[in-house]
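A.B. asks: Quick one: structure below, then a few questions.
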Amino acid sequence: MTLAINSIYNIDCREGLKQIDKESVDLLLTDPPFGISFDRMGTQYNRKQKNLGDLYTEIPQEEYFIFTLSWLRGVWDVLKPTGSGFIFSGWNNLGDILNAISEVGFRLVNHIIWKYQFGVYTKKKYVTSHYHILYFTKLPLNKDHLRTFNRISDYSVSLGKLYFEDVWFINRDYQKGGEKTPTRLPLALTDKCIRMGSEEGDLVLEPFLGSGAVIQSCMTFNRRYIGFEISPEIFQIARNRIEKTRNHIQNRNGTLENWLK
Ligand SMILES: C[S@@+](CC[C@H](N)C(=O)[O-])C[C@H]1O[C@@H](n2cnc3c(N)ncnc32)[C@H](O)[C@@H]1O
């Protein structure tokens, strides 16, 4: 592998994926960019960049399926035969993502709903307050996947039965001060995916870092990681957050674990 483990890169993930060893990744955990329609693109280009959200790279709706297919094929190549993945999606891109998952050859295991506590206020349609999480494996479910889930179910008494159902009630984080990013996933959500979908020491891939929530969860639960982000500004935010997490872990443990070096 030409890329270092436990590193993030400011590059297009379609290029980055080509530089990862074949069949080396245990888990994909990602929240890809949105597809937006052309009329909205016009207003996008004129948007003032005072809001950090404008720095996100989004994909024209009509190119979304091809875009998804191209990065997901790269994921297929680098995922171990025992590997699995979680992809997050809003409802507007869901059709393209589901089609790409089956076109590439992955096997869908669960369609999870993440219910959060607020959405945009609307007068003419229902307020969106959920997200889709597609959980899939590369090959049919095998004993390695069962091992992960069994291990987690050891905690079931303390976690409660709801933890294992496919509707997840998790609040969005309240982001006070500092650098705000509008599509940031709550750590409780990325923590849950990491804990249920991987084991300590596993290699986790996040091709669309955003502010880096997935990497923070990897660091918390001793998973190795590799991540990509195309926007230099967003990449810097991810880098800052990862550095803060590193310091936090260092203070908590006194020393850094070897896996972080
Ligand atoms: C929905 S956001 C991810 C948000 C993230 N889950 C968080 O918690 O902040 C998707 C990210 O993918 C980035 N992106 C878009 N196209 C990309 C590409 N081809 N390669 C790498 N990153 C890309 C966008 O700039 C954006 O930051």
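Naming works like this for the structure tokens: A, B, ... for the chains as they're shown, residue 1 at the start of each chain, ligands 1 onward in shown order.
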Residues at most 7 Å from ligand 1, using only C-alpha atoms and all ligand atoms? Could they come as an MDAnalysis selection string?
C.D. replies: chainID A and resid 11:14 30:34 55:58 181 183:185 207:214 228:231 234
A.B. asks: Could you state the separation of atom CA of Thr122 of chain A and atom CA of Trp91 of chain A in Å, given to one decimal place?
C.D. replies: 16.3 Å
A.B. asks: For the atom pair atom CA of Phe118 of chain A and atom CA of Cys193 of chain A, what is the interatomic distance in Å to one decimal place?
C.D. replies: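 If I compute the distance from atom CA of Phe118 of chain A to atom CA of Cys193 of chain A, I get 21.3 Å.
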A.B. asks: When you count only C-alpha atoms, which of these residues is closest to Val109 of chain A: A:Thr137, A:Asn240, A:Ser129, A:Thr82?
C.D. replies: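 Using only C-alpha atoms, the shortest distance to Val109 of chain A belongs to A:Thr137.
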A.B. asks: Show me a table, sorted first by chain and then by increasing residue number, of the residues of segment 64-87 of chain A having an atom at most 10 Å from segment 140-143 of chain A, each with its shortest atom pair and the distance in Å to one decimal, counting only C-alpha atoms and written as a tab-separated table.
C.D. replies:
residue	atom	partner	partner_atom	distance
A:Pro81	CA	A:Pro140	CA	9.4
A:Thr82	CA	A:Asn142	CA	7.5
A:Gly83	CA	A:Leu141	CA	9.7
A:Ser84	CA	A:Leu141	CA	9.3
A.B. asks: Select from segment 46-236 of chain A everything DSSP, run on the backbone, classes as strand (DSSP E or B), then give the selection as a PyMOL selection string.
C.D. replies: chain A and resi 59-60+79-89+107-115+130-137+167-169+203-206+224-228
A.B. asks: Take the selection from the previous step and output its residues with C-alpha atoms, as a short mmCIF file (atom, residue, chain, number, x, y, z; two decimals), in the first residue's frame.
C.D. replies:
data_model
loop_
_atom_site.label_atom_id
_atom_site.label_comp_id
_atom_site.auth_asym_id
_atom_site.auth_seq_id
_atom_site.Cartn_x
_atom_site.Cartn_y
_atom_site.Cartn_z
CA ILE A 59 -22.59 16.06 -7.24
CA PRO A 60 -25.07 16.96 -10.03
CA LEU A 79 -12.66 -4.70 0.85
CA LYS A 80 -11.74 -8.11 2.31
CA PRO A 81 -14.05 -10.99 1.36
CA THR A 82 -15.26 -10.89 4.99
CA GLY A 83 -15.68 -7.10 4.79
CA SER A 84 -18.86 -5.09 5.18
CA GLY A 85 -20.06 -1.53 4.80
CA PHE A 86 -22.45 1.16 6.05
CA ILE A 87 -23.50 3.89 3.61
CA PHE A 88 -25.57 6.85 4.79
CA SER A 89 -28.09 8.42 2.46
CA ARG A 107 -25.38 -8.04 -0.52
CA LEU A 108 -27.74 -5.79 1.40
CA VAL A 109 -28.20 -7.04 4.97
CA ASN A 110 -30.16 -4.22 6.64
CA HIS A 111 -31.89 -1.01 5.73
CA ILE A 112 -31.62 1.02 8.93
CA ILE A 113 -33.49 4.24 9.67
CA TRP A 114 -31.72 6.87 11.71
CA LYS A 115 -34.36 9.08 13.35
CA HIS A 130 -34.67 10.64 9.28
CA TYR A 131 -31.78 9.27 7.29
CA HIS A 132 -31.16 5.89 5.65
CA ILE A 133 -28.24 3.63 6.56
CA LEU A 134 -27.56 0.70 4.24
CA TYR A 135 -25.60 -2.15 5.79
CA PHE A 136 -24.14 -4.68 3.36
CA THR A 137 -21.52 -7.39 3.07
CA VAL A 167 -34.61 2.10 13.74
CA TRP A 168 -32.04 4.12 15.61
CA PHE A 169 -33.11 7.13 17.70
CA LEU A 203 -9.03 -1.30 9.14
CA VAL A 204 -11.89 1.15 8.49
CA LEU A 205 -12.24 3.18 5.28
CA GLU A 206 -14.00 6.59 5.11
CA ARG A 224 -7.12 1.57 12.23
CA TYR A 225 -8.33 3.98 9.58
CA ILE A 226 -7.74 5.65 6.24
CA GLY A 227 -9.75 8.60 4.92
CA PHE A 228 -10.13 10.98 1.96
#
A.B. asks: Report the distance between atom CA of Ala100 of chain A and atom CA of Ile215 of chain A in Å, rounded to one decimal place.
C.D. replies: 24.7 Å
A.B. asks: With distances taken over only C-alpha atoms, which of A:Glu62, A:Asp77, A:Glu233, A:Glu199 is nearest to Ser24 of chain A?
C.D. replies: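 For Ser24 of chain A, the nearest of the candidates is A:Asp77.
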